[in-house]
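A.B. asks: Okay, so here is structure_16.cif, and as you'll see once you scroll down, it has mmCIF, C-alpha atoms.
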```
data_target
#
loop_
_atom_site.label_atom_id
_atom_site.label_comp_id
_atom_site.auth_asym_id
_atom_site.auth_seq_id
_atom_site.Cartn_x
_atom_site.Cartn_y
_atom_site.Cartn_z
CA MET M 72 -2.04 4.87 -0.47
CA PRO M 73 -7.01 4.21 -0.50
CA SER M 74 -8.35 3.13 -3.88
CA ALA M 75 -6.95 0.36 -6.02
CA ARG M 76 -3.20 0.52 -5.10
CA LYS M 77 -2.77 3.96 -3.73
CA LEU M 78 -6.10 4.08 -1.95
CA ARG M 79 -5.15 7.46 -0.68
CA SER M 80 -4.71 9.26 -4.04
CA VAL M 81 -7.08 12.05 -4.87
CA ALA M 82 -8.72 11.42 -8.20
CA VAL M 83 -8.06 14.23 -10.61
CA ALA M 84 -9.56 15.12 -13.95
CA LEU M 85 -7.69 13.67 -16.88
CA ALA M 86 -4.88 16.06 -17.59
CA CYS M 87 -1.65 16.10 -19.51
CA THR M 88 1.34 17.76 -17.97
CA VAL M 89 4.71 18.23 -19.62
CA ALA M 90 7.75 17.36 -17.55
CA THR M 91 9.84 20.48 -18.09
CA ILE M 92 10.12 20.24 -21.90
CA PRO M 93 7.66 19.47 -24.67
CA VAL M 94 7.30 15.96 -25.98
CA ILE M 95 4.88 13.91 -28.02
CA ALA M 96 3.19 10.62 -27.36
CA ALA M 97 5.00 7.46 -28.29
CA CYS M 98 3.05 4.66 -29.81
CA GLY M 99 3.54 1.55 -31.81
CA SER M 100 4.18 -2.06 -30.90
CA SER M 101 7.69 -2.95 -31.88
CA GLY M 102 9.05 -3.15 -28.34
CA GLU M 103 12.43 -1.87 -29.60
CA ASP M 104 15.06 -3.07 -27.11
CA LYS M 105 18.10 -0.94 -27.98
CA PRO M 106 18.70 2.50 -26.45
CA SER M 107 18.21 5.30 -28.93
CA ALA M 108 21.18 7.43 -29.98
CA GLY M 109 19.09 10.44 -30.93
CA PRO M 110 16.23 12.31 -29.26
CA VAL M 111 13.51 10.11 -27.79
CA GLN M 112 10.04 11.20 -26.83
CA LEU M 113 8.16 9.06 -24.31
CA THR M 114 4.92 9.23 -22.36
CA MET M 115 4.20 8.13 -18.82
CA SER M 116 0.78 7.57 -17.26
CA ALA M 117 0.12 7.96 -13.55
CA TRP M 118 -2.68 8.78 -11.15
CA GLY M 119 -2.91 10.98 -8.07
CA GLY M 120 -3.30 14.53 -6.86
CA ASP M 121 -1.31 17.74 -7.14
CA VAL M 122 1.58 16.52 -4.99
CA ASP M 123 1.95 13.32 -7.01
CA LYS M 124 1.94 15.32 -10.23
CA LYS M 125 4.55 17.74 -8.91
CA VAL M 126 6.85 14.97 -7.71
CA TYR M 127 6.64 12.96 -10.92
CA GLU M 128 7.41 16.07 -12.95
CA HIS M 129 10.46 16.78 -10.81
CA ARG M 130 11.72 13.21 -11.06
CA LEU M 131 11.25 13.09 -14.82
CA ALA M 132 13.12 16.35 -15.12
CA LEU M 133 16.01 14.79 -13.19
CA ALA M 134 15.89 11.77 -15.50
CA HIS M 135 16.10 14.11 -18.50
CA LYS M 136 19.11 15.80 -16.93
CA LYS M 137 20.85 12.42 -16.70
CA TYR M 138 19.69 11.33 -20.16
CA PRO M 139 19.35 14.55 -22.20
CA ASN M 140 18.15 12.68 -25.30
CA ILE M 141 15.11 11.29 -23.43
CA THR M 142 12.10 13.49 -22.69
CA VAL M 143 8.96 12.28 -20.98
CA LYS M 144 5.43 13.65 -21.11
CA LEU M 145 3.48 12.96 -17.92
CA GLN M 146 -0.21 12.09 -18.29
CA MET M 147 -2.11 12.28 -15.00
CA ALA M 148 -5.45 10.50 -14.82
CA PRO M 149 -8.03 9.44 -12.25
CA GLY M 150 -7.07 6.22 -10.48
CA GLY M 151 -9.01 3.04 -9.85
CA GLU M 152 -10.79 0.99 -12.45
CA ASP M 153 -11.16 3.91 -14.86
CA TYR M 154 -7.39 4.21 -15.00
CA SER M 155 -6.87 0.51 -15.64
CA GLN M 156 -9.52 0.33 -18.34
CA LYS M 157 -8.35 3.47 -20.12
CA ILE M 158 -4.69 2.42 -20.19
CA SER M 159 -5.49 -1.18 -21.09
CA THR M 160 -7.62 -0.04 -24.01
CA ALA M 161 -4.88 2.32 -25.20
CA ILE M 162 -2.24 -0.43 -25.10
CA ALA M 163 -4.51 -2.86 -26.91
CA GLY M 164 -4.88 -0.26 -29.64
CA GLY M 165 -1.11 0.25 -29.89
CA LYS M 166 -1.29 3.75 -28.44
CA GLY M 167 -0.47 3.16 -24.81
CA PRO M 168 2.10 5.08 -22.78
CA ASP M 169 5.70 3.94 -22.73
CA ILE M 170 5.87 3.92 -18.93
CA LEU M 171 2.88 3.31 -16.69
CA GLU M 172 2.26 3.40 -12.99
CA LEU M 173 0.64 0.20 -11.72
CA ALA M 174 -0.26 -1.37 -8.41
CA GLU M 175 -2.69 -4.21 -7.64
CA GLN M 176 -3.56 -4.38 -11.33
CA THR M 177 -0.04 -5.41 -12.39
CA SER M 178 -0.95 -9.09 -12.73
CA ALA M 179 -4.02 -8.23 -14.80
CA PHE M 180 -1.91 -6.26 -17.28
CA ALA M 181 0.75 -8.99 -17.32
CA SER M 182 -1.81 -11.76 -17.91
CA LYS M 183 -3.04 -9.89 -20.99
CA ASN M 184 0.52 -9.45 -22.29
CA GLN M 185 0.18 -5.68 -22.09
CA ILE M 186 3.40 -4.96 -20.20
CA LEU M 187 6.90 -6.29 -20.75
CA PRO M 188 8.74 -8.66 -18.40
CA LEU M 189 11.76 -6.85 -17.05
CA ASP M 190 13.93 -9.73 -15.82
CA ASP M 191 16.50 -9.44 -18.60
CA LYS M 192 16.76 -5.69 -18.10
CA VAL M 193 17.18 -6.10 -14.35
CA LYS M 194 19.93 -8.64 -14.96
CA ALA M 195 21.69 -6.51 -17.57
CA SER M 196 21.62 -3.52 -15.22
CA LYS M 197 22.94 -5.72 -12.39
CA LEU M 198 20.20 -4.61 -10.03
CA ASP M 199 19.72 -6.55 -6.80
CA LEU M 200 16.01 -6.03 -6.24
CA THR M 201 16.05 -7.76 -2.85
CA LYS M 202 18.81 -5.48 -1.60
CA MET M 203 17.08 -2.42 -3.02
CA PHE M 204 13.50 -3.13 -1.93
CA GLY M 205 13.56 -5.94 0.61
CA PRO M 206 12.62 -9.60 0.10
CA THR M 207 8.90 -9.13 -0.44
CA VAL M 208 8.09 -5.91 -2.28
CA PRO M 209 9.55 -6.96 -5.66
CA LYS M 210 7.35 -10.06 -5.57
CA ILE M 211 4.27 -7.87 -5.41
CA PHE M 212 5.00 -6.93 -9.02
CA GLN M 213 5.63 -10.46 -10.28
CA TYR M 214 3.36 -12.65 -12.35
CA ASP M 215 4.16 -16.26 -13.22
CA ASP M 216 7.54 -15.75 -11.52
CA ARG M 217 8.54 -12.92 -13.84
CA GLN M 218 9.15 -9.30 -12.87
CA TYR M 219 6.73 -6.94 -14.62
CA ALA M 220 7.24 -3.69 -12.70
CA ILE M 221 9.89 -2.11 -10.51
CA PRO M 222 8.77 -0.85 -7.08
CA ASP M 223 8.52 2.92 -6.90
CA ARG M 224 6.72 3.75 -3.65
CA SER M 225 6.05 1.20 -0.94
CA GLY M 226 5.15 2.34 2.53
CA ALA M 227 4.46 -0.45 5.00
CA MET M 228 1.40 -0.14 7.18
CA VAL M 229 2.61 0.79 10.65
CA LEU M 230 1.10 1.48 14.06
CA TYR M 231 0.36 5.09 14.98
CA TYR M 232 -0.04 5.61 18.72
CA ASN M 233 -0.96 8.51 21.00
CA LYS M 234 1.92 8.92 23.46
CA LYS M 235 -0.09 11.08 25.85
CA LEU M 236 -2.81 8.44 26.20
CA PHE M 237 -0.21 5.73 26.73
CA ASP M 238 1.47 7.78 29.44
CA GLN M 239 -1.83 8.48 31.18
CA ALA M 240 -2.66 4.76 31.20
CA GLY M 241 0.83 3.75 32.32
CA VAL M 242 1.31 1.55 29.25
CA GLY M 243 4.70 1.09 27.62
CA TYR M 244 4.96 2.24 24.03
CA PRO M 245 4.38 -0.44 21.36
CA THR M 246 7.24 -2.23 19.61
CA ALA M 247 7.66 -4.93 16.98
CA ASP M 248 8.18 -7.36 19.89
CA TRP M 249 4.57 -7.04 20.98
CA SER M 250 2.37 -10.11 20.63
CA TRP M 251 -1.40 -10.28 20.16
CA ALA M 252 -1.67 -10.67 23.93
CA ASP M 253 0.30 -7.45 24.41
CA LEU M 254 -1.94 -5.64 21.93
CA LEU M 255 -5.06 -6.80 23.73
CA ALA M 256 -3.72 -5.97 27.20
CA ALA M 257 -2.76 -2.46 26.09
CA SER M 258 -6.09 -1.95 24.30
CA ARG M 259 -7.99 -2.84 27.45
CA LYS M 260 -6.05 -0.32 29.54
CA LEU M 261 -6.35 2.35 26.86
CA THR M 262 -10.12 2.03 26.47
CA VAL M 263 -11.78 4.53 28.79
CA ARG M 264 -15.48 4.64 29.68
CA GLU M 265 -17.36 7.37 31.49
CA ASN M 266 -20.99 7.03 32.52
CA GLY M 267 -21.35 3.92 30.38
CA LYS M 268 -20.03 5.60 27.24
CA VAL M 269 -16.67 5.13 25.61
CA LYS M 270 -14.58 8.28 25.85
CA GLN M 271 -11.49 6.74 24.32
CA TRP M 272 -10.86 3.55 22.34
CA GLY M 273 -7.74 1.43 22.59
CA PHE M 274 -7.67 0.13 19.02
CA ALA M 275 -9.75 0.10 15.84
CA THR M 276 -10.86 -2.72 13.54
CA ILE M 277 -12.42 -2.06 10.14
CA SER M 278 -13.33 -4.08 7.05
CA TRP M 279 -10.55 -2.69 4.87
CA TRP M 280 -8.46 -5.63 3.65
CA PRO M 281 -5.02 -4.49 4.94
CA TYR M 282 -6.39 -4.71 8.47
CA TRP M 283 -7.96 -8.16 8.64
CA MET M 284 -5.64 -9.81 6.10
CA THR M 285 -2.67 -8.80 8.25
CA PHE M 286 -4.08 -10.80 11.15
CA MET M 287 -4.58 -13.83 8.90
CA TYR M 288 -0.97 -13.74 7.73
CA GLN M 289 0.31 -13.11 11.26
CA ASN M 290 -1.48 -16.27 12.33
CA GLY M 291 0.11 -18.38 9.60
CA GLY M 292 -2.91 -18.19 7.30
CA ARG M 293 -3.03 -17.56 3.57
CA ILE M 294 -5.58 -16.64 0.92
CA LEU M 295 -4.38 -18.79 -2.00
CA ASP M 296 -2.14 -21.84 -2.14
CA GLY M 297 0.86 -22.24 -4.40
CA LYS M 298 -1.37 -23.22 -7.32
CA GLY M 299 -3.71 -20.24 -6.93
CA ALA M 300 -6.57 -22.16 -5.30
CA PRO M 301 -8.45 -20.53 -2.39
CA VAL M 302 -7.39 -21.66 1.09
CA VAL M 303 -9.45 -19.19 3.08
CA ASN M 304 -11.49 -21.49 5.30
CA THR M 305 -8.64 -22.82 7.44
CA PRO M 306 -8.23 -23.08 11.22
CA GLU M 307 -5.53 -20.39 11.11
CA ASN M 308 -7.75 -17.89 9.30
CA VAL M 309 -10.87 -18.70 11.34
CA ALA M 310 -8.94 -18.22 14.60
CA ALA M 311 -7.50 -14.94 13.33
CA MET M 312 -10.90 -13.56 12.33
CA LYS M 313 -12.50 -14.67 15.56
CA TRP M 314 -9.78 -12.89 17.54
CA TYR M 315 -10.05 -9.83 15.30
CA ASN M 316 -13.83 -9.60 15.52
CA ASP M 317 -13.81 -10.18 19.27
CA LEU M 318 -11.85 -6.94 19.75
CA ALA M 319 -15.07 -5.05 18.99
CA TRP M 320 -17.83 -7.38 20.12
CA LYS M 321 -16.36 -9.32 23.05
CA GLU M 322 -13.50 -7.22 24.37
CA LYS M 323 -15.16 -3.95 23.39
CA VAL M 324 -11.83 -2.18 22.89
CA SER M 325 -12.59 -1.25 19.28
CA PRO M 326 -15.58 0.56 17.78
CA THR M 327 -18.12 -1.60 15.97
CA PRO M 328 -19.35 -0.42 12.55
CA ARG M 329 -22.36 1.10 14.32
CA ASP M 330 -20.07 2.97 16.72
CA PHE M 331 -18.17 4.42 13.78
CA ALA M 332 -21.45 5.42 12.12
CA ASN M 333 -22.54 7.23 15.28
CA TYR M 334 -19.50 9.50 15.00
CA GLY M 335 -20.74 10.78 11.66
CA GLN M 336 -20.31 10.12 7.97
CA GLY M 337 -16.72 9.60 6.84
CA VAL M 338 -15.30 9.15 10.32
CA GLY M 339 -12.83 6.29 10.59
CA PRO M 340 -9.68 5.45 12.54
CA ASP M 341 -7.66 8.36 11.10
CA GLN M 342 -10.26 10.88 12.23
CA LEU M 343 -10.70 9.38 15.71
CA PHE M 344 -6.93 9.28 16.16
CA ALA M 345 -6.66 12.95 15.22
CA GLN M 346 -9.41 13.79 17.73
CA GLY M 347 -7.56 12.02 20.53
CA LYS M 348 -10.32 9.41 20.86
CA LEU M 349 -8.25 6.48 19.59
CA ALA M 350 -4.98 5.36 21.18
CA MET M 351 -3.73 3.11 18.34
CA GLU M 352 -4.46 2.67 14.68
CA ILE M 353 -2.97 0.86 11.71
CA THR M 354 -2.34 3.22 8.83
CA GLY M 355 0.26 4.32 6.32
CA PHE M 356 2.72 7.09 5.55
CA TRP M 357 -0.02 9.38 4.25
CA ASN M 358 -1.34 9.96 7.77
CA ILE M 359 1.86 11.70 8.89
CA SER M 360 0.77 14.96 7.31
CA ALA M 361 -2.65 14.81 8.96
CA ALA M 362 -1.22 13.90 12.37
CA ASN M 363 1.35 16.68 12.09
CA SER M 364 -1.41 19.20 11.46
CA VAL M 365 -3.26 18.50 14.73
CA LYS M 366 -2.13 20.94 17.39
CA GLY M 367 -1.26 19.27 20.66
CA LEU M 368 -1.40 15.69 19.33
CA ASP M 369 1.59 13.83 20.82
CA TRP M 370 2.13 10.77 18.64
CA ASP M 371 4.67 8.43 17.12
CA ILE M 372 4.81 5.30 14.97
CA SER M 373 6.06 1.75 15.40
CA PRO M 374 6.23 -1.44 13.33
CA LEU M 375 3.26 -3.72 13.95
CA TRP M 376 3.25 -6.42 16.60
CA HIS M 377 3.51 -10.05 15.58
CA GLY M 378 1.34 -13.13 15.94
CA LYS M 379 2.84 -16.52 15.16
CA GLN M 380 5.00 -14.54 12.72
CA PRO M 381 5.56 -10.90 11.75
CA ALA M 382 3.35 -9.63 8.93
CA THR M 383 2.13 -6.31 7.64
CA SER M 384 0.64 -5.01 4.42
CA ALA M 385 2.06 -2.23 2.31
CA PHE M 386 0.76 0.33 -0.08
CA PHE M 387 2.76 0.30 -3.17
CA ASN M 388 3.06 1.23 -6.76
CA GLY M 389 5.52 0.27 -9.44
CA LEU M 390 6.59 1.38 -12.89
CA ALA M 391 6.19 -0.86 -15.92
CA VAL M 392 6.98 -0.70 -19.63
CA SER M 393 4.06 -0.93 -22.02
CA ARG M 394 4.03 -3.64 -24.67
CA SER M 395 3.11 -0.93 -27.17
CA SER M 396 6.24 1.12 -26.51
CA LYS M 397 8.59 1.64 -29.47
CA HIS M 398 11.38 2.58 -27.06
CA ALA M 399 11.37 -0.05 -24.33
CA ALA M 400 15.11 0.25 -23.65
CA ASP M 401 14.83 4.00 -23.16
CA ALA M 402 11.77 3.61 -20.96
CA TRP M 403 13.77 1.16 -18.86
CA LYS M 404 16.57 3.69 -18.40
CA VAL M 405 14.06 6.16 -16.96
CA ILE M 406 12.57 3.55 -14.62
CA GLU M 407 16.00 2.43 -13.46
CA PHE M 408 16.92 6.03 -12.66
CA MET M 409 13.67 6.61 -10.76
CA ALA M 410 14.36 3.54 -8.62
CA GLY M 411 17.72 4.91 -7.46
CA GLU M 412 18.58 7.35 -4.71
CA GLU M 413 18.54 10.49 -6.87
CA GLY M 414 15.30 9.49 -8.55
CA GLN M 415 13.57 8.68 -5.24
CA ARG M 416 14.72 11.71 -3.27
CA PRO M 417 11.88 14.05 -4.41
CA ILE M 418 9.39 11.57 -2.90
CA ILE M 419 10.93 12.34 0.49
CA ASP M 420 11.46 16.07 0.03
CA ASN M 421 7.80 16.61 -0.85
CA ALA M 422 6.41 14.25 1.83
CA GLU M 423 4.58 12.40 -0.92
CA ASP M 424 5.04 8.86 0.33
CA ALA M 425 7.59 6.33 1.53
CA PRO M 426 10.12 5.56 -1.21
CA ALA M 427 10.28 1.89 -2.17
CA ASN M 428 14.07 1.79 -2.06
CA VAL M 429 14.98 0.53 1.43
CA LEU M 430 18.41 2.12 1.23
CA VAL M 431 16.69 5.46 0.66
CA GLN M 432 14.31 4.72 3.55
CA ARG M 433 17.42 4.34 5.73
CA SER M 434 18.87 7.67 4.59
CA ASP M 435 19.02 10.75 6.81
CA ALA M 436 16.80 12.53 4.29
CA PHE M 437 13.97 10.11 5.14
CA LEU M 438 14.71 9.49 8.81
CA LYS M 439 14.98 13.21 9.56
CA PRO M 440 13.02 14.87 6.77
CA LYS M 441 13.29 18.63 6.40
CA TRP M 442 9.49 19.00 6.59
CA ALA M 443 9.13 17.16 9.93
CA LYS M 444 7.71 19.24 12.78
CA ARG M 445 8.65 16.67 15.41
CA ASP M 446 10.80 13.60 15.96
CA VAL M 447 9.10 10.59 14.41
CA ASN M 448 10.38 7.02 14.33
CA MET M 449 10.68 6.94 10.55
CA ASN M 450 12.77 3.79 10.94
CA ALA M 451 9.44 2.01 11.41
CA PHE M 452 8.98 1.81 7.63
CA ALA M 453 12.34 0.24 6.80
CA ASP M 454 12.14 -1.93 9.93
CA SER M 455 8.84 -3.31 8.56
CA ALA M 456 10.23 -4.21 5.13
CA ASP M 457 11.01 -7.84 5.95
CA ALA M 458 7.53 -8.35 7.43
CA ILE M 459 5.57 -7.17 4.37
CA PHE M 460 3.44 -9.99 2.95
CA VAL M 461 2.51 -10.44 -0.68
CA PRO M 462 -1.27 -10.14 -1.03
CA PRO M 463 -3.00 -12.45 -3.53
CA LEU M 464 -2.72 -10.03 -6.44
CA THR M 465 -4.03 -12.28 -9.18
CA PRO M 466 -5.78 -10.94 -12.30
CA GLN M 467 -9.02 -11.58 -10.36
CA TRP M 468 -8.01 -9.30 -7.47
CA ASN M 469 -10.96 -6.92 -7.73
CA GLU M 470 -13.53 -9.71 -7.98
CA MET M 471 -11.87 -11.58 -5.13
CA LEU M 472 -11.81 -8.50 -2.93
CA LYS M 473 -15.54 -7.90 -3.43
CA VAL M 474 -16.33 -11.43 -2.22
CA PHE M 475 -14.17 -10.83 0.84
CA THR M 476 -15.51 -7.38 1.64
CA ASP M 477 -19.17 -8.42 1.36
CA ASN M 478 -18.71 -11.23 3.87
CA ILE M 479 -16.17 -9.63 6.19
CA GLU M 480 -18.57 -6.71 6.62
CA LEU M 481 -21.35 -9.12 7.60
CA MET M 482 -19.00 -10.64 10.15
CA MET M 483 -17.96 -7.27 11.53
CA ASN M 484 -21.60 -6.26 11.89
CA ASN M 485 -22.04 -9.44 13.94
CA LYS M 486 -24.55 -10.85 11.46
CA VAL M 487 -22.57 -14.01 10.71
CA THR M 488 -19.85 -15.85 12.58
CA PRO M 489 -16.25 -15.82 11.37
CA GLU M 490 -16.68 -19.52 10.57
CA LYS M 491 -19.69 -18.80 8.37
CA ALA M 492 -18.08 -15.80 6.70
CA LEU M 493 -14.95 -17.68 5.69
CA ALA M 494 -16.89 -20.76 4.58
CA THR M 495 -18.98 -18.57 2.28
CA ILE M 496 -15.90 -16.80 0.95
CA GLN M 497 -14.18 -20.11 0.26
CA GLN M 498 -17.22 -21.37 -1.65
CA ARG M 499 -17.67 -18.21 -3.73
CA LEU M 500 -14.01 -17.74 -4.56
CA GLY M 501 -13.86 -21.05 -6.42
CA PRO M 502 -15.78 -19.81 -9.49
CA VAL M 503 -14.04 -16.40 -9.34
CA MET M 504 -10.58 -17.94 -9.52
CA LYS M 505 -11.59 -20.10 -12.49
CA GLN M 506 -12.61 -17.10 -14.56
CA GLY M 507 -9.13 -16.56 -15.90
CA GLY M 508 -7.37 -13.22 -16.42
#
```
As a first step, turn the structure in this file into structure tokens.
C.D. replies:
Amino acid sequence: MPSARKLRSVAVALACTVATIPVIAACGSSGEDKPSAGPVQLTMSAWGGDVDKKVYEHRLALAHKKYPNITVKLQMAPGGEDYSQKISTAIAGGKGPDILELAEQTSAFASKNQILPLDDKVKASKLDLTKMFGPTVPKIFQYDDRQYAIPDRSGAMVLYYNKKLFDQAGVGYPTADWSWADLLAASRKLTVRENGKVKQWGFATISWWPYWMTFMYQNGGRILDGKGAPVVNTPENVAAMKWYNDLAWKEKVSPTPRDFANYGQGVGPDQLFAQGKLAMEITGFWNISAANSVKGLDWDISPLWHGKQPATSAFFNGLAVSRSSKHAADAWKVIEFMAGEEGQRPIIDNAEDAPANVLVQRSDAFLKPKWAKRDVNMNAFADSADAIFVPPLTPQWNEMLKVFTDNIELMMNNKVTPEKALATIQQRLGPVMKQGG
């Protein structure tokens, strides 16, 4: 799912699409908390491409079927910062959507009091969020210990591996029981050189945060402490980054940034995996479609290995209720429906993403989807649910991530040591975290 949150969504021109029946925009700021008896007209904002638009329309049509008095107009918009700024401005002016798709920016909206806390609604509906979504995913959408959005899609990052290359190297297929030592041993055997050039890589390391942050969390590290102060420059994190960076520069089982560049513009792990030049890669649900499309590619997926503890990142989005909504109770009814089995099913049927609801992830519809061209261990997503870590999604997430990316890239280009990179990050994050929401 990669831009802010989805990070895989295709930006589309701002468009307004009606979900099966005409509606008008809701606005105002009363935050009415009683379900309406008569017809209700709501709006919902979301980002993504054609598939996302199609699936949301279908799900909103199903919600209308359950609640005939509620109609929802879907507004698709480009994602990223433009989305956040546009929606934030609309809410501030009292003209925001009733329901909005959010991801990493949830805490930023919550800190500005632009979305409603949903704890009372969750309690009144008797929803067990931990049972529905696992112990971690609901926390991704919390701010100051309050629930501001309900998970909608949440696919854990898993390990894709080339079965043919494993068989040729005589290496057993990866499992969640693997350790870092197992990953390294397999990567060494799966890296093949001919005439001094690498024909096939065992693994891939890149500067995208879900990769390196996973290793930090697997090693017992963290980014922020319980009070929100940076705790980046710790022995656990330094050891994790040294081990991670050594995969490319010392062990030479992963391409360096220069190696990736030599393959051509836009070539990353997904592309090398599809070409049969990479035995293992960390990626998300979205790569299933691409892998399925490659003729002759024999592949499968597995939960990630563990370090001192299991940990993996997830790509996620949730649905929130705007502070400017005049029909908060009705908006909640739609969100509650979309979080359930019937409301999540179109996500599966259209191969859009992994549904956030773990019970739905365990269903036959997800484990053996009708669109699958081969047997795939779809259990890997639900089996990863307990290992998902909560990234430091503070209101300063974007600023924090820039500090990290700038210095992690220097490290991965072998221009600074992991110790130096993390010391610099620790120093520069101090002022960033004091900036407020």
A.B. asks: Check which residues satisfy the PyMOL selection byres ((chain M and resi 287-301) around 10) in the file shown, then give them as JSON, numbers by chain.
C.D. replies: {"M": [251, 282, 283, 284, 285, 286, 302, 303, 304, 305, 306, 307, 308, 309, 310, 311, 312, 315, 376, 377, 378, 379, 380, 381, 382, 383, 384, 458, 459, 460, 461, 462, 463, 464, 465, 471, 496, 497, 498, 499, 500, 501, 503, 504, 505]}
A.B. asks: Deliver the residues from the most recent selection as a file, using C-alpha atoms, as a PDB file, keeping the file's coordinate frame.
C.D. replies:
```
ATOM      1  CA  TRP M 251      -1.400 -10.280  20.160  1.00  0.00           C
ATOM      2  CA  TYR M 282      -6.390  -4.710   8.470  1.00  0.00           C
ATOM      3  CA  TRP M 283      -7.960  -8.160   8.640  1.00  0.00           C
ATOM      4  CA  MET M 284      -5.640  -9.810   6.100  1.00  0.00           C
ATOM      5  CA  THR M 285      -2.670  -8.800   8.250  1.00  0.00           C
ATOM      6  CA  PHE M 286      -4.080 -10.800  11.150  1.00  0.00           C
ATOM      7  CA  VAL M 302      -7.390 -21.660   1.090  1.00  0.00           C
ATOM      8  CA  VAL M 303      -9.450 -19.190   3.080  1.00  0.00           C
ATOM      9  CA  ASN M 304     -11.490 -21.490   5.300  1.00  0.00           C
ATOM     10  CA  THR M 305      -8.640 -22.820   7.440  1.00  0.00           C
ATOM     11  CA  PRO M 306      -8.230 -23.080  11.220  1.00  0.00           C
ATOM     12  CA  GLU M 307      -5.530 -20.390  11.110  1.00  0.00           C
ATOM     13  CA  ASN M 308      -7.750 -17.890   9.300  1.00  0.00           C
ATOM     14  CA  VAL M 309     -10.870 -18.700  11.340  1.00  0.00           C
ATOM     15  CA  ALA M 310      -8.940 -18.220  14.600  1.00  0.00           C
ATOM     16  CA  ALA M 311      -7.500 -14.940  13.330  1.00  0.00           C
ATOM     17  CA  MET M 312     -10.900 -13.560  12.330  1.00  0.00           C
ATOM     18  CA  TYR M 315     -10.050  -9.830  15.300  1.00  0.00           C
ATOM     19  CA  TRP M 376       3.250  -6.420  16.600  1.00  0.00           C
ATOM     20  CA  HIS M 377       3.510 -10.050  15.580  1.00  0.00           C
ATOM     21  CA  GLY M 378       1.340 -13.130  15.940  1.00  0.00           C
ATOM     22  CA  LYS M 379       2.840 -16.520  15.160  1.00  0.00           C
ATOM     23  CA  GLN M 380       5.000 -14.540  12.720  1.00  0.00           C
ATOM     24  CA  PRO M 381       5.560 -10.900  11.750  1.00  0.00           C
ATOM     25  CA  ALA M 382       3.350  -9.630   8.930  1.00  0.00           C
ATOM     26  CA  THR M 383       2.130  -6.310   7.640  1.00  0.00           C
ATOM     27  CA  SER M 384       0.640  -5.010   4.420  1.00  0.00           C
ATOM     28  CA  ALA M 458       7.530  -8.350   7.430  1.00  0.00           C
ATOM     29  CA  ILE M 459       5.570  -7.170   4.370  1.00  0.00           C
ATOM     30  CA  PHE M 460       3.440  -9.990   2.950  1.00  0.00           C
ATOM     31  CA  VAL M 461       2.510 -10.440  -0.680  1.00  0.00           C
ATOM     32  CA  PRO M 462      -1.270 -10.140  -1.030  1.00  0.00           C
ATOM     33  CA  PRO M 463      -3.000 -12.450  -3.530  1.00  0.00           C
ATOM     34  CA  LEU M 464      -2.720 -10.030  -6.440  1.00  0.00           C
ATOM     35  CA  THR M 465      -4.030 -12.280  -9.180  1.00  0.00           C
ATOM     36  CA  MET M 471     -11.870 -11.580  -5.130  1.00  0.00           C
ATOM     37  CA  ILE M 496     -15.900 -16.800   0.950  1.00  0.00           C
ATOM     38  CA  GLN M 497     -14.180 -20.110   0.260  1.00  0.00           C
ATOM     39  CA  GLN M 498     -17.220 -21.370  -1.650  1.00  0.00           C
ATOM     40  CA  ARG M 499     -17.670 -18.210  -3.730  1.00  0.00           C
ATOM     41  CA  LEU M 500     -14.010 -17.740  -4.560  1.00  0.00           C
ATOM     42  CA  GLY M 501     -13.860 -21.050  -6.420  1.00  0.00           C
ATOM     43  CA  VAL M 503     -14.040 -16.400  -9.340  1.00  0.00           C
ATOM     44  CA  MET M 504     -10.580 -17.940  -9.520  1.00  0.00           C
ATOM     45  CA  LYS M 505     -11.590 -20.100 -12.490  1.00  0.00           C
TER      46      LYS M 505
END
```
A.B. asks: Which residues are near Gln342 of chain M? Cut-off 12 Å, all atoms listed in the file, ignore same chain within fewer than 3 positions. Put them as number ranges by chain.
C.D. replies: M: 275, 331, 334-339, 345-352, 354, 358, 361-362, 365
A.B. asks: Considering only C-alpha atoms, state which residue in the set M:Arg416, M:Ala391, M:Ala385, M:Val269 is at the smallest distance from Trp403 of chain M.
C.D. replies: M:Ala391
A.B. asks: Could you list, as a PyMOL selection string, every residue within 10 Å of Glu322 of chain M, counting only C-alpha atoms and ignoring same-chain residues fewer than 6 positions away?
C.D. replies: chain M and resi 255+258-259+314+316
A.B. asks: Filtering to C-alpha atoms, could you give me those residues as an mmCIF file, keeping the file's coordinate frame?
C.D. replies:
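Final output, part.cif:
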```cif
data_model
loop_
_atom_site.group_PDB
_atom_site.id
_atom_site.type_symbol
_atom_site.label_atom_id
_atom_site.label_comp_id
_atom_site.auth_asym_id
_atom_site.auth_seq_id
_atom_site.Cartn_x
_atom_site.Cartn_y
_atom_site.Cartn_z
ATOM 1 C CA LEU M 255 -5.060 -6.800 23.730
ATOM 2 C CA SER M 258 -6.090 -1.950 24.300
ATOM 3 C CA ARG M 259 -7.990 -2.840 27.450
ATOM 4 C CA TRP M 314 -9.780 -12.890 17.540
ATOM 5 C CA ASN M 316 -13.830 -9.600 15.520
#
```
A.B. asks: Find the residue from M:Pro110, M:Pro206, M:Pro374, M:Pro149 that sits nearest to Asp457 of chain M; use all atoms listed in the file when measuring.
C.D. replies: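 Looking only at the distances to Asp457 of chain M, the closest residue turns out to be M:Pro206.
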A.B. asks: Got a sec: who's within 8 Å of segment 210-227 of chain M, counting all atoms listed in the file, leaving out chain neighbours fewer than 3 positions off, as a count of residues only?
C.D. replies: 42
